[in-house]
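For reference, coords15.cif is printed below; it contains mmCIF, C-alpha atoms.
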data_start
#
loop_
_atom_site.label_atom_id
_atom_site.label_comp_id
_atom_site.auth_asym_id
_atom_site.auth_seq_id
_atom_site.Cartn_x
_atom_site.Cartn_y
_atom_site.Cartn_z
CA MET U 1 17.07 9.63 8.67
CA ASP U 2 14.69 8.90 11.52
CA ASP U 3 13.23 11.00 14.32
CA GLU U 4 13.76 8.11 16.76
CA LYS U 5 17.20 8.84 18.18
CA HIS U 6 17.34 5.50 19.99
CA PHE U 7 16.73 3.58 16.77
CA LEU U 8 19.55 5.44 15.03
CA GLU U 9 21.88 4.82 17.95
CA THR U 10 21.04 1.12 17.80
CA ILE U 11 21.50 0.53 14.09
CA ARG U 12 24.57 2.68 13.49
CA PRO U 13 27.11 0.42 15.27
CA LEU U 14 25.30 -2.75 14.13
CA PHE U 15 25.36 -1.78 10.45
CA ALA U 16 28.95 -0.58 10.72
CA GLY U 17 29.94 -3.94 12.21
CA TRP U 18 27.99 -6.03 9.70
CA SER U 19 29.57 -4.08 6.85
CA LYS U 20 33.00 -4.74 8.43
CA ASN U 21 33.34 -0.97 8.62
CA THR U 22 33.14 -0.58 4.84
CA TRP U 23 30.08 1.65 5.29
CA ARG U 24 30.45 5.22 6.47
CA ILE U 25 27.19 5.98 8.22
CA GLU U 26 25.77 9.41 8.97
CA VAL U 27 22.52 9.84 10.88
CA ALA U 28 19.98 12.65 10.82
CA LEU U 29 16.95 13.29 13.01
CA SER U 30 15.17 15.49 10.46
CA ALA U 31 14.98 16.23 6.76
CA ASP U 32 16.90 19.50 7.32
CA GLN U 33 19.76 17.68 8.97
CA ALA U 34 19.78 15.05 6.25
CA LEU U 35 19.95 17.67 3.49
CA ASP U 36 22.83 19.43 5.26
CA ILE U 37 24.75 16.16 5.48
CA LEU U 38 24.06 15.36 1.82
CA LYS U 39 25.42 18.76 0.80
CA GLY U 40 28.69 17.99 2.59
CA SER U 41 29.81 14.91 0.68
CA GLN U 42 28.74 12.21 -1.73
CA PHE U 43 26.61 9.31 -0.53
CA ASP U 44 25.54 6.03 -2.12
CA LEU U 45 22.35 5.42 -0.17
CA ILE U 46 19.86 7.16 2.09
CA VAL U 47 17.37 5.35 4.30
CA VAL U 48 14.33 7.49 5.09
CA ASP U 49 11.78 6.97 7.83
CA VAL U 50 8.34 7.42 6.25
CA ASN U 51 6.55 8.74 9.35
CA MET U 52 8.39 11.96 10.06
CA PRO U 53 6.93 15.15 11.57
CA VAL U 54 6.81 18.39 9.51
CA LEU U 55 8.06 16.92 6.21
CA ASP U 56 7.03 13.30 5.85
CA GLY U 57 9.22 10.67 4.26
CA VAL U 58 7.26 10.48 1.02
CA GLN U 59 7.62 14.22 0.34
CA PHE U 60 11.26 14.03 1.32
CA LEU U 61 11.85 11.16 -1.13
CA SER U 62 10.36 13.31 -3.87
CA ILE U 63 12.75 16.17 -3.02
CA LEU U 64 15.69 13.77 -2.93
CA SER U 65 14.75 12.31 -6.31
CA ARG U 66 14.85 15.76 -7.87
CA ARG U 67 18.01 16.99 -6.16
CA TYR U 68 19.99 13.75 -6.06
CA PRO U 69 18.75 11.53 -8.91
CA ASP U 70 21.74 9.18 -8.59
CA LEU U 71 21.35 8.64 -4.85
CA LYS U 72 19.78 5.28 -3.99
CA LYS U 73 16.85 5.57 -1.66
CA ALA U 74 15.19 3.16 0.76
CA ALA U 75 12.05 3.86 2.78
CA LEU U 76 11.61 2.44 6.27
CA THR U 77 8.37 2.41 8.21
CA GLY U 78 6.99 0.99 11.41
CA LEU U 79 3.58 0.52 9.87
CA ALA U 80 3.76 -0.81 6.32
CA ASN U 81 0.77 -0.84 4.02
CA GLU U 82 0.24 -0.95 0.29
CA GLU U 83 -0.65 2.75 0.05
CA LYS U 84 2.62 3.84 1.68
CA ARG U 85 4.61 1.33 -0.32
CA SER U 86 3.19 2.63 -3.61
CA ALA U 87 3.72 6.26 -2.59
CA CYS U 88 7.35 5.64 -1.62
CA LEU U 89 8.17 3.67 -4.75
CA ALA U 90 6.43 6.27 -6.92
CA ASN U 91 8.56 8.98 -5.31
CA GLY U 92 11.85 7.33 -6.07
CA ALA U 93 12.50 4.75 -3.34
CA GLU U 94 14.15 1.63 -4.70
CA LEU U 95 13.27 -0.35 -1.60
CA PHE U 96 10.39 -0.22 0.88
CA ILE U 97 11.10 -1.97 4.16
CA GLU U 98 9.10 -2.52 7.32
CA LYS U 99 10.97 -1.45 10.44
CA PRO U 100 12.18 -4.65 12.11
CA ARG U 101 11.47 -5.50 15.70
CA SER U 102 14.31 -7.95 16.28
CA ALA U 103 18.07 -8.18 15.77
CA GLU U 104 17.47 -10.87 13.13
CA GLY U 105 15.11 -8.50 11.32
CA LEU U 106 17.74 -5.76 11.43
CA LYS U 107 20.25 -8.14 9.86
CA SER U 108 17.77 -8.82 7.04
CA VAL U 109 17.34 -5.08 6.51
CA PHE U 110 21.11 -4.67 6.41
CA THR U 111 21.38 -7.47 3.82
CA MET U 112 18.76 -5.84 1.60
CA LEU U 113 20.42 -2.42 1.88
CA ASP U 114 23.82 -3.94 1.16
CA GLU U 115 22.38 -5.55 -1.98
CA LEU U 116 20.94 -2.23 -3.04
CA VAL U 117 24.10 -0.25 -2.37
CA THR U 118 26.43 -2.67 -4.14
CA TRP U 119 24.29 -3.08 -7.23
CA ARG U 120 25.41 -0.95 -10.14
CA PRO U 121 23.56 -0.82 -13.44
CA GLN U 122 25.82 -1.59 -16.36
CA THR U 123 26.61 1.56 -18.26
CA GLY U 124 28.74 2.55 -21.18
CA PHE U 125 28.62 -0.62 -23.27
CA GLN U 126 27.99 -0.56 -26.96
CA GLY U 127 27.13 -3.55 -29.05
CA MET U 128 24.63 -5.27 -31.25
CA LEU U 129 21.59 -7.04 -29.97
CA ARG U 130 20.49 -9.99 -32.06
CA ARG U 131 16.93 -9.46 -31.04
CA VAL U 132 15.17 -7.73 -28.27
CA ASN U 133 11.63 -6.98 -27.24
CA LEU U 134 10.08 -3.75 -26.10
CA GLN U 135 9.94 -4.82 -22.46
CA ASP U 136 13.71 -5.30 -22.43
CA VAL U 137 14.31 -1.84 -23.86
CA ILE U 138 11.90 -0.15 -21.45
CA GLN U 139 13.37 -2.08 -18.55
CA MET U 140 16.89 -0.98 -19.54
CA GLU U 141 15.84 2.65 -19.82
CA CYS U 142 14.01 2.57 -16.47
CA LEU U 143 16.71 0.70 -14.58
CA GLY U 144 19.28 3.13 -15.98
CA ARG U 145 17.02 6.04 -14.95
CA ASN U 146 17.32 7.42 -18.44
CA SER U 147 15.14 9.97 -20.15
CA SER U 148 14.12 9.12 -23.69
CA ILE U 149 11.27 8.73 -26.13
CA LEU U 150 10.70 5.25 -27.50
CA GLU U 151 9.15 5.49 -30.95
CA ILE U 152 7.42 2.30 -32.00
CA ASN U 153 6.08 1.42 -35.41
CA ASP U 154 4.55 -1.59 -37.05
CA ARG U 155 2.73 -1.81 -40.36
CA LYS U 156 -0.44 -0.28 -38.98
CA VAL U 157 0.32 1.78 -35.91
CA SER U 158 2.86 4.28 -34.73
CA GLY U 159 3.22 5.40 -31.15
CA ARG U 160 5.50 6.91 -28.52
CA ILE U 161 6.41 6.08 -24.95
CA TYR U 162 7.99 8.86 -22.89
CA ILE U 163 10.44 7.90 -20.15
CA GLU U 164 11.77 10.55 -17.79
CA ASP U 165 14.44 9.75 -15.19
CA GLY U 166 13.52 6.10 -15.42
CA ARG U 167 9.78 6.64 -15.04
CA ILE U 168 7.20 6.05 -17.71
CA ILE U 169 5.25 9.28 -17.83
CA HIS U 170 3.28 9.23 -21.06
CA ALA U 171 2.31 7.01 -23.98
CA ALA U 172 0.32 7.78 -27.09
CA VAL U 173 -0.82 5.78 -30.07
CA GLY U 174 -3.52 6.96 -32.49
CA SER U 175 -6.28 8.49 -30.42
CA LEU U 176 -5.25 6.57 -27.31
CA ALA U 177 -3.13 8.03 -24.50
CA GLY U 178 -1.94 6.90 -21.10
CA GLU U 179 -1.89 3.30 -19.89
CA ALA U 180 -4.27 2.13 -22.62
CA ALA U 181 -1.82 3.37 -25.24
CA PHE U 182 1.10 1.83 -23.38
CA GLN U 183 -0.63 -1.56 -23.23
CA LYS U 184 -1.56 -1.37 -26.92
CA LEU U 185 2.05 -0.68 -27.92
CA LEU U 186 3.41 -3.41 -25.66
CA ALA U 187 0.93 -5.86 -27.14
CA LEU U 188 2.44 -5.51 -30.62
CA ALA U 189 3.89 -8.81 -31.74
CA ALA U 190 6.56 -7.34 -33.99
CA GLY U 191 7.78 -4.05 -35.37
CA ALA U 192 10.57 -1.54 -35.16
CA PHE U 193 11.56 0.98 -32.56
CA GLN U 194 13.96 3.85 -32.07
CA LEU U 195 15.12 5.61 -28.96
CA GLN U 196 14.95 9.36 -29.41
CA PRO U 197 16.27 12.12 -27.16
CA PHE U 198 13.81 13.12 -24.47
CA GLU U 199 11.48 16.06 -24.97
CA PRO U 200 8.67 17.00 -22.60
CA PRO U 201 5.45 15.19 -23.58
CA PRO U 202 2.25 17.06 -24.45
CA ALA U 203 0.70 15.60 -21.27
CA ARG U 204 1.67 13.37 -18.36
CA THR U 205 -0.81 10.54 -18.47
CA ILE U 206 0.97 7.71 -16.63
CA GLU U 207 1.88 7.63 -12.97
CA GLY U 208 2.23 3.93 -12.15
CA GLN U 209 5.43 2.08 -11.36
CA TRP U 210 7.15 0.86 -14.51
CA GLU U 211 7.56 -2.65 -13.03
CA PHE U 212 3.80 -2.99 -12.57
CA LEU U 213 3.08 -1.53 -16.01
CA LEU U 214 5.36 -4.11 -17.59
CA MET U 215 3.86 -6.91 -15.52
CA GLU U 216 0.38 -5.88 -16.57
CA ALA U 217 1.48 -5.66 -20.21
CA ALA U 218 2.95 -9.16 -19.99
CA ARG U 219 -0.23 -10.48 -18.42
CA VAL U 220 -2.41 -8.89 -21.11
CA ARG U 221 -0.14 -10.23 -23.83
CA ASP U 222 -0.12 -13.73 -22.32
CA GLU U 223 -3.90 -13.77 -22.15
CA SER U 224 -4.42 -12.48 -25.64
CA ALA U 225 -1.69 -14.58 -27.27
CA GLN U 226 -3.31 -16.31 -30.22
CA PRO U 227 -1.16 -18.06 -32.78
CA ALA U 228 -1.92 -16.19 -35.98
CA ALA U 229 -2.12 -18.24 -39.15
CA ASP U 230 -0.18 -15.81 -41.32
CA ALA U 231 2.28 -14.24 -38.91
CA PRO U 232 3.44 -16.03 -35.80
CA PRO U 233 4.10 -13.69 -32.86
CA GLU U 234 7.72 -12.72 -32.63
CA PRO U 235 9.66 -10.15 -30.63
CA ALA U 236 10.55 -6.90 -32.38
CA ARG U 237 13.93 -7.17 -34.05
CA ILE U 238 16.51 -4.46 -34.33
CA LEU U 239 19.27 -6.45 -35.95
CA GLU U 240 19.13 -9.98 -37.22
CA THR U 241 22.21 -12.18 -37.24
CA PRO U 242 22.26 -15.94 -37.55
CA PRO U 243 22.40 -17.80 -34.24
CA ALA U 244 25.75 -19.26 -33.27
CA ASP U 245 26.28 -22.86 -34.33
CA GLY U 246 24.74 -25.40 -32.03
CA LEU U 247 22.79 -22.90 -29.93
CA PRO U 248 19.01 -22.90 -29.80
CA SER U 249 17.79 -19.74 -31.51
CA LEU U 250 15.82 -18.66 -28.44
CA LEU U 251 18.60 -19.10 -25.91
CA MET U 252 19.22 -15.69 -24.35
CA GLU U 253 22.01 -16.13 -21.85
CA THR U 254 24.30 -18.82 -20.46
CA LEU U 255 26.80 -18.73 -17.64
CA ILE U 256 28.70 -21.69 -16.22
CA CYS U 257 31.06 -21.16 -13.30
CA SER U 258 33.16 -23.22 -10.95
CA GLY U 259 31.75 -23.78 -7.46
CA GLN U 260 33.77 -20.76 -6.31
CA GLY U 261 32.15 -18.54 -8.94
CA LYS U 262 34.95 -18.39 -11.50
CA PRO U 263 33.32 -18.09 -14.95
CA LEU U 264 34.21 -21.09 -17.15
CA TYR U 265 31.85 -20.36 -20.04
CA GLN U 266 29.58 -17.44 -20.78
CA TRP U 267 27.43 -16.48 -23.71
CA GLN U 268 25.50 -13.21 -23.94
CA CYS U 269 25.98 -12.74 -20.21
CA TYR U 270 26.54 -9.02 -19.86
CA ASP U 271 26.86 -8.94 -16.08
CA ALA U 272 28.66 -12.14 -15.14
CA ASN U 273 29.67 -10.82 -11.71
CA GLY U 274 26.08 -9.89 -10.94
CA ARG U 275 24.86 -13.31 -12.04
CA VAL U 276 27.50 -15.04 -9.92
CA GLU U 277 26.36 -13.04 -6.90
CA LEU U 278 22.77 -14.01 -7.67
CA LEU U 279 23.73 -17.69 -7.88
CA LYS U 280 25.57 -17.47 -4.58
CA LYS U 281 22.51 -15.88 -2.95
CA ILE U 282 20.33 -18.62 -4.39
CA SER U 283 22.67 -21.19 -2.89
CA GLN U 284 22.49 -19.50 0.53
CA TYR U 285 18.71 -19.30 0.45
CA ALA U 286 18.37 -22.89 -0.76
CA ALA U 287 20.41 -23.96 2.26
CA ARG U 288 18.12 -21.89 4.53
CA LEU U 289 15.02 -23.43 2.97
CA GLY U 290 16.55 -26.88 3.32
CA ARG U 291 17.04 -26.29 7.04
CA LEU U 292 13.44 -25.15 7.46
CA LEU U 293 11.69 -27.79 5.37
CA PRO U 294 12.69 -31.47 4.99
CA LEU U 295 12.87 -31.54 1.20
CA GLY U 296 16.25 -33.18 0.66
CA LYS U 297 19.04 -31.83 -1.52
CA PHE U 298 18.51 -28.67 -3.56
CA ASP U 299 18.57 -29.28 -7.29
CA ARG U 300 17.64 -26.07 -9.12
CA LEU U 301 15.64 -22.86 -9.12
CA GLU U 302 13.31 -22.22 -12.04
CA ILE U 303 12.59 -18.55 -12.59
CA GLN U 304 9.52 -17.77 -14.67
CA LEU U 305 9.82 -14.30 -16.15
CA HIS U 306 7.31 -12.52 -18.34
CA ASP U 307 8.78 -13.53 -21.65
CA SER U 308 11.49 -15.98 -20.67
CA ARG U 309 12.43 -18.66 -18.23
CA ALA U 310 15.70 -19.06 -16.39
CA VAL U 311 17.13 -22.03 -14.57
CA ALA U 312 19.74 -21.54 -11.86
CA GLN U 313 21.79 -24.34 -10.37
CA ALA U 314 24.08 -23.86 -7.41
CA LYS U 315 26.04 -27.00 -6.61
CA PRO U 316 29.32 -27.31 -4.68
CA ASP U 317 31.23 -27.89 -7.93
CA ARG U 318 29.35 -25.57 -10.29
CA LEU U 319 27.11 -22.56 -10.64
CA VAL U 320 24.93 -22.48 -13.75
CA TYR U 321 22.52 -19.87 -15.13
CA VAL U 322 20.63 -20.38 -18.38
CA GLN U 323 17.86 -18.10 -19.68
CA ALA U 324 15.72 -18.82 -22.71
CA ALA U 325 12.87 -16.98 -24.38
CA LEU U 326 9.38 -18.40 -24.29
CA GLU U 327 7.77 -19.19 -27.60
CA ASN U 328 4.00 -18.72 -27.55
CA GLY U 329 4.14 -18.72 -23.77
CA LYS U 330 5.85 -22.11 -23.59
CA PRO U 331 9.42 -22.78 -22.55
CA THR U 332 11.73 -23.83 -25.34
CA ALA U 333 14.85 -24.62 -23.34
CA MET W 1 -7.69 -12.37 7.09
CA ASN W 2 -9.37 -11.82 3.75
CA PRO W 3 -12.21 -14.40 3.47
CA ALA W 4 -11.54 -15.03 -0.23
CA LEU W 5 -7.89 -15.71 0.52
CA ASP W 6 -8.76 -17.90 3.50
CA GLN W 7 -11.16 -19.96 1.40
CA TRP W 8 -8.68 -20.24 -1.44
CA LEU W 9 -5.85 -21.36 0.89
CA ALA W 10 -8.17 -24.07 2.24
CA SER W 11 -8.81 -25.27 -1.32
CA CYS W 12 -5.05 -25.34 -2.09
CA ILE W 13 -4.24 -28.02 0.45
CA ARG W 14 -6.78 -30.56 -0.82
CA ALA W 15 -4.65 -32.16 -3.54
CA SER W 16 -2.64 -35.16 -2.41
CA GLY W 17 1.06 -34.46 -2.08
CA THR W 18 0.53 -30.96 -0.66
CA LEU W 19 2.90 -30.38 2.25
CA GLY W 20 1.95 -26.86 3.27
CA CYS W 21 1.20 -23.42 1.93
CA GLY W 22 1.08 -19.83 3.02
CA VAL W 23 0.63 -16.23 2.05
CA ARG W 24 2.60 -13.14 3.02
CA LEU W 25 0.68 -9.89 2.72
CA PRO W 26 2.39 -6.57 1.86
CA ASP W 27 2.17 -5.49 5.52
CA GLY W 28 4.32 -8.47 6.51
CA THR W 29 1.48 -10.57 7.90
CA CYS W 30 1.99 -14.28 7.24
CA VAL W 31 -0.81 -16.84 7.12
CA SER W 32 0.10 -20.47 6.56
CA ARG W 33 -1.51 -23.91 6.49
CA SER W 34 0.45 -26.99 7.42
CA VAL W 35 -0.55 -30.33 5.95
CA HIS W 36 2.45 -32.53 6.75
CA GLU W 37 3.92 -32.75 10.25
CA GLY W 38 7.41 -32.08 8.87
CA PHE W 39 6.15 -28.69 7.69
CA PRO W 40 4.90 -26.92 10.83
CA GLN W 41 3.30 -23.49 10.59
CA THR W 42 6.23 -21.75 12.29
CA HIS W 43 8.60 -23.11 9.63
CA LEU W 44 6.21 -22.18 6.83
CA ASP W 45 5.94 -18.63 8.23
CA GLU W 46 9.73 -18.41 8.37
CA THR W 47 9.90 -19.75 4.80
CA LEU W 48 7.54 -16.98 3.67
CA ARG W 49 9.70 -14.33 5.33
CA CYS W 50 12.87 -15.83 3.90
CA LEU W 51 11.47 -15.88 0.35
CA ALA W 52 10.07 -12.35 0.64
CA GLU W 53 13.54 -11.17 1.62
CA LEU W 54 14.98 -12.60 -1.57
CA SER W 55 12.82 -10.51 -3.94
CA PRO W 56 15.13 -7.46 -4.04
CA VAL W 57 18.03 -9.73 -5.00
CA PHE W 58 16.26 -10.56 -8.26
CA SER W 59 15.09 -7.03 -9.00
CA GLY W 60 18.65 -5.84 -8.37
CA GLN W 61 19.66 -8.06 -11.28
CA GLY W 62 16.89 -6.71 -13.53
CA LEU W 63 14.82 -9.88 -13.08
CA PHE W 64 11.15 -9.59 -12.15
CA PRO W 65 9.89 -13.15 -11.74
CA ARG W 66 6.22 -14.01 -12.05
CA TRP W 67 6.92 -17.14 -10.12
CA LEU W 68 9.77 -19.28 -8.91
CA THR W 69 10.04 -23.02 -8.37
CA TRP W 70 12.63 -24.24 -5.89
CA ALA W 71 13.18 -27.87 -6.87
CA PHE W 72 14.57 -30.18 -4.21
CA GLU W 73 15.15 -33.92 -4.21
CA LEU W 74 11.88 -34.71 -2.43
CA GLY W 75 9.67 -31.78 -3.22
CA GLN W 76 9.17 -28.37 -4.77
CA ILE W 77 8.36 -24.94 -3.44
CA ARG W 78 6.37 -22.71 -5.79
CA VAL W 79 6.65 -19.00 -4.98
CA ILE W 80 4.29 -16.59 -6.71
CA ILE W 81 4.59 -12.84 -6.47
CA ARG W 82 1.59 -10.71 -7.42
CA SER W 83 1.88 -7.12 -8.55
CA ASP W 84 0.03 -6.01 -5.39
CA GLY W 85 2.88 -7.43 -3.31
CA VAL W 86 1.03 -10.54 -2.04
CA LEU W 87 3.35 -13.54 -2.02
CA PHE W 88 2.12 -17.16 -2.07
CA VAL W 89 4.20 -20.20 -1.27
CA LEU W 90 3.17 -23.81 -1.82
CA ALA W 91 5.28 -26.84 -0.91
CA VAL W 92 4.45 -30.12 -2.66
CA GLN W 93 5.94 -33.58 -3.00
CA THR W 94 7.76 -34.35 -6.24
CA ASN W 95 5.68 -36.30 -8.80
CA SER W 96 2.44 -35.87 -6.86
CA LEU W 97 -0.99 -34.72 -7.94
CA ALA W 98 -0.28 -31.43 -6.14
CA ALA W 99 2.91 -30.99 -8.19
CA ARG W 100 0.97 -31.49 -11.43
CA ASN W 101 -1.56 -28.92 -10.20
CA LEU W 102 1.00 -26.17 -9.57
CA ASP W 103 0.47 -24.21 -12.77
CA ALA W 104 -3.31 -24.25 -12.39
CA LEU W 105 -3.06 -22.94 -8.82
CA THR W 106 -0.60 -20.30 -9.98
CA GLY W 107 -3.13 -19.03 -12.51
CA GLU W 108 -5.85 -19.02 -9.86
CA PHE W 109 -3.68 -17.02 -7.47
CA PHE W 110 -3.07 -14.32 -10.08
CA GLU W 111 -6.81 -14.07 -10.73
CA LEU W 112 -7.83 -14.12 -7.06
CA LYS W 113 -9.64 -10.91 -6.14
CA LEU W 114 -8.50 -9.79 -2.69
CA ALA W 115 -10.03 -6.31 -2.44
CA ASP W 116 -12.65 -6.14 0.34
#

Encoded form (structure tokens):
Amino acid sequence: MDDEKHFLETIRPLFAGWSKNTWRIEVALSADQALDILKGSQFDLIVVDVNMPVLDGVQFLSILSRRYPDLKKAALTGLANEEKRSACLANGAELFIEKPRSAEGLKSVFTMLDELVTWRPQTGFQGMLRRVNLQDVIQMECLGRNSSILEINDRKVSGRIYIEDGRIIHAAVGSLAGEAAFQKLLALAAGAFQLQPFEPPPARTIEGQWEFLLMEAARVRDESAQPAADAPPEPARILETPPADGLPSLLMETLICSGQGKPLYQWQCYDANGRVELLKKISQYAARLGRLLPLGKFDRLEIQLHDSRAVAQAKPDRLVYVQAALENGKPTA
Amino acid sequence: MNPALDQWLASCIRASGTLGCGVRLPDGTCVSRSVHEGFPQTHLDETLRCLAELSPVFSGQGLFPRWLTWAFELGQIRVIIRSDGVLFVLAVQTNSLAARNLDALTGEFFELKLAD
């Protein structure tokens, strides 16, 4: 949706061609037109221009989020700034993109949108998790756009985090509420939790993006991590089973594939196809970086996450992804 | 250009083994410093854009990296993503003083106050 007719006429055939005509593309010059089109059939993705007359893109994203919670949304703007980015992401956009000024830029936008439209969160699995931390649970709930109440208890405190349609809207522990309560709960070294059905909270005290809240929680936890003499910090456990023979206890995920992406060995890898696609992308980008900068052959990509570290290797004869938890902030594998 | 960022970028390239560095701001502006002739500013700017493009690929997989290290035969590229959307890239030679300094610079970048 964009009020610039020329822009729509330019991108429509380009995107159709780049998608090898697997995309069916509808264009709208206004929010009214877009809503009419959405009523007519089911869509996977909408791309919204932020600077629209009458009803701006941010307000429109908010309407879309309420009416079409499963529709993926991307915001496009000619003038990107942090304020707009935050507003769009807070109103349901999964992606915030600056309007490109070149054909190469348009191709990049297409690639990002294609990634967004083909990504599907895993749903419907049941199983046992050997151990998990609160960040993982919150991330799963938010990525799945679920609504739930996460009840958290340790020996001394008991609190609740409210998640509605994948957004963290309220947290409370003791006399604390809002982000302070959220950070306090996420700072707990160990404890138990339960996911309860969603009920409206007594107040809505949190508005920030869940990604940023989790990043901030990880930063606070990293900074305050002190090895306690009596109880070493450990992630909350929901079910303890002995680690498989020969595997380091903090190993979280392993995937080894042939160079063509055929899985040869996997352990605790719940989205092997997704990981293979990631490894292929890493290989493509490593080749691009290698063409730009004279650094020799690509060896590996180290990915430092908040509570774990992953190593990805993409070689002609193999693709490898290994992720391991960090113990006291230090890599163990 | 934010003066604090400008000053900090200048301090980043002092360690021996630094090849180049740069920052991409949330509005798409790229600022880079070349140290080695094989790493011209235009290529560093393109590197910044290329690496910024890759971010959604990770988030699409439920991964939200604090930083990434692209390890090549002759050097490494450290990519750091702040929660405010500012992305920093530093290219260093393998086994150099700059390579040993990567984690310290990463910490500094997270702490850097950029608000005017």

Can you spell out as a ChimeraX atom specification the set of residues that the PyMOL selection byres ((chain W) within 9 of (chain U)) selects in the structure I just provided? /W:26-28,38-40,43-44,46-47,50-51,53-54,56-58,60-76,83-85,93

Determine the residue membership of the PyMOL selection byres ((chain U and resi 161) around 8) for the file above and supply it as an MDAnalysis selection string. chainID U and resid 149:151 159:160 162:163 168:172 182

In Å to one decimal, how far is atom CA of Lys99 of chain U from atom CA of Ile77 of chain W?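 The value is 27.4 Å.
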
Point out the residue among W:Leu97, W:Leu112, W:Val89, W:Ile80 with the least atom-to-atom distance to Gly22 of chain W, counting only C-alpha atoms.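 Using only C-alpha atoms, the shortest distance to Gly22 of chain W belongs to W:Val89.
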
May I ask for the distance between atom CA of Asp6 of chain W and atom CA of Pro100 of chain U, given in Å to one decimal place?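 Distance between the two atoms: 26.2 Å.
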
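The space between atom CA of Ala4 of chain W and atom CA of Leu114 of chain W spans 6.5 Å.
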
Using all atoms listed in the file, which residue out of W:Asn95, W:Ser11, W:Gln41, W:Asn2 lies closest to Glu108 of chain W?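 Checking each candidate against Glu108 of chain W, we get W:Ser11 as the closest.
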
Please write as an MDAnalysis selection string the full residue list that the PyMOL selection byres ((chain W and resi 17) around 9) yields on this file. chainID W and resid 13:16 18:19 91:99

Between U:Ala87, U:Val320, U:Ala28, U:Ala177, which residue has the minimum interatomic distance to Arg204 of chain U, considering all atoms listed in the file? U:Ala177

Compile the contact shell of Ser258 of chain U as a short mmCIF file (atom, residue, chain, number, x, y, z; two decimals) with C-alpha atoms, keeping the file's coordinate frame: residues with an atom at most 9 Å away, counting only C-alpha atoms, same-chain residues fewer than 2 positions apart removed.
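For reference, around.cif as written:
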data_model
loop_
_atom_site.label_atom_id
_atom_site.label_comp_id
_atom_site.auth_asym_id
_atom_site.auth_seq_id
_atom_site.Cartn_x
_atom_site.Cartn_y
_atom_site.Cartn_z
CA ILE U 256 28.70 -21.69 -16.22
CA GLN U 260 33.77 -20.76 -6.31
CA GLY U 261 32.15 -18.54 -8.94
CA LYS U 262 34.95 -18.39 -11.50
CA PRO U 263 33.32 -18.09 -14.95
CA LEU U 264 34.21 -21.09 -17.15
CA PRO U 316 29.32 -27.31 -4.68
CA ASP U 317 31.23 -27.89 -7.93
CA ARG U 318 29.35 -25.57 -10.29
CA LEU U 319 27.11 -22.56 -10.64
CA VAL U 320 24.93 -22.48 -13.75
#

Excluding Asp2 of chain U and any residue of its chain fewer than 2 positions from it, enumerate the residues within 12 Å of it, using all atoms listed in the file, and give them as number ranges by chain. U: 4-12, 26-34, 46-53, 55-57, 60, 75-78, 99

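Using only C-alpha atoms for every distance, the candidate list W:Leu5, W:Cys21, W:Val35, W:Cys30 yields W:Cys21 as the residue closest to Leu102 of chain W.
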
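Taking only C-alpha atoms into account, Cys269 of chain U lies nearest to U:Tyr321 out of the set U:Tyr321, U:Val220, U:Thr22, U:Ile37.
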
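The smallest atom-to-atom distance between Asp44 of chain U and any of U:Arg67, U:Lys184, U:Lys72, U:Arg24, using only C-alpha atoms, is found for U:Lys72.
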
For segment 57-65 of chain W, what centre and edge lengths in Å (one decimal) does the axis-aligned box get once 8 Å is added on each side of all its listed atoms, as JSON?
{"center_x": 14.8, "center_y": -9.5, "center_z": -9.3, "size_x": 25.8, "size_y": 23.3, "size_z": 24.5}

From the structure block, carefully write segment 73-87 of chain U out with C-alpha atoms; format it as a PDB file, in the first residue's frame.
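What landed in result20.pdb:
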ATOM      1  CA  LYS U  73       3.322  -6.748   8.161  1.00  0.00           C
ATOM      2  CA  ALA U  74       6.240  -4.706   6.846  1.00  0.00           C
ATOM      3  CA  ALA U  75       6.558  -0.924   7.015  1.00  0.00           C
ATOM      4  CA  LEU U  76       8.259   1.022   4.243  1.00  0.00           C
ATOM      5  CA  THR U  77       9.302   4.648   4.459  1.00  0.00           C
ATOM      6  CA  GLY U  78      11.240   7.165   2.444  1.00  0.00           C
ATOM      7  CA  LEU U  79      12.542   8.837   5.568  1.00  0.00           C
ATOM      8  CA  ALA U  80      13.544   6.339   8.237  1.00  0.00           C
ATOM      9  CA  ASN U  81      14.263   7.362  11.799  1.00  0.00           C
ATOM     10  CA  GLU U  82      14.286   5.626  15.152  1.00  0.00           C
ATOM     11  CA  GLU U  83      10.965   7.158  16.250  1.00  0.00           C
ATOM     12  CA  LYS U  84       9.115   5.814  13.194  1.00  0.00           C
ATOM     13  CA  ARG U  85      10.851   2.466  13.457  1.00  0.00           C
ATOM     14  CA  SER U  86       9.794   2.053  17.098  1.00  0.00           C
ATOM     15  CA  ALA U  87       6.229   3.165  16.349  1.00  0.00           C
TER      16      ALA U  87
END
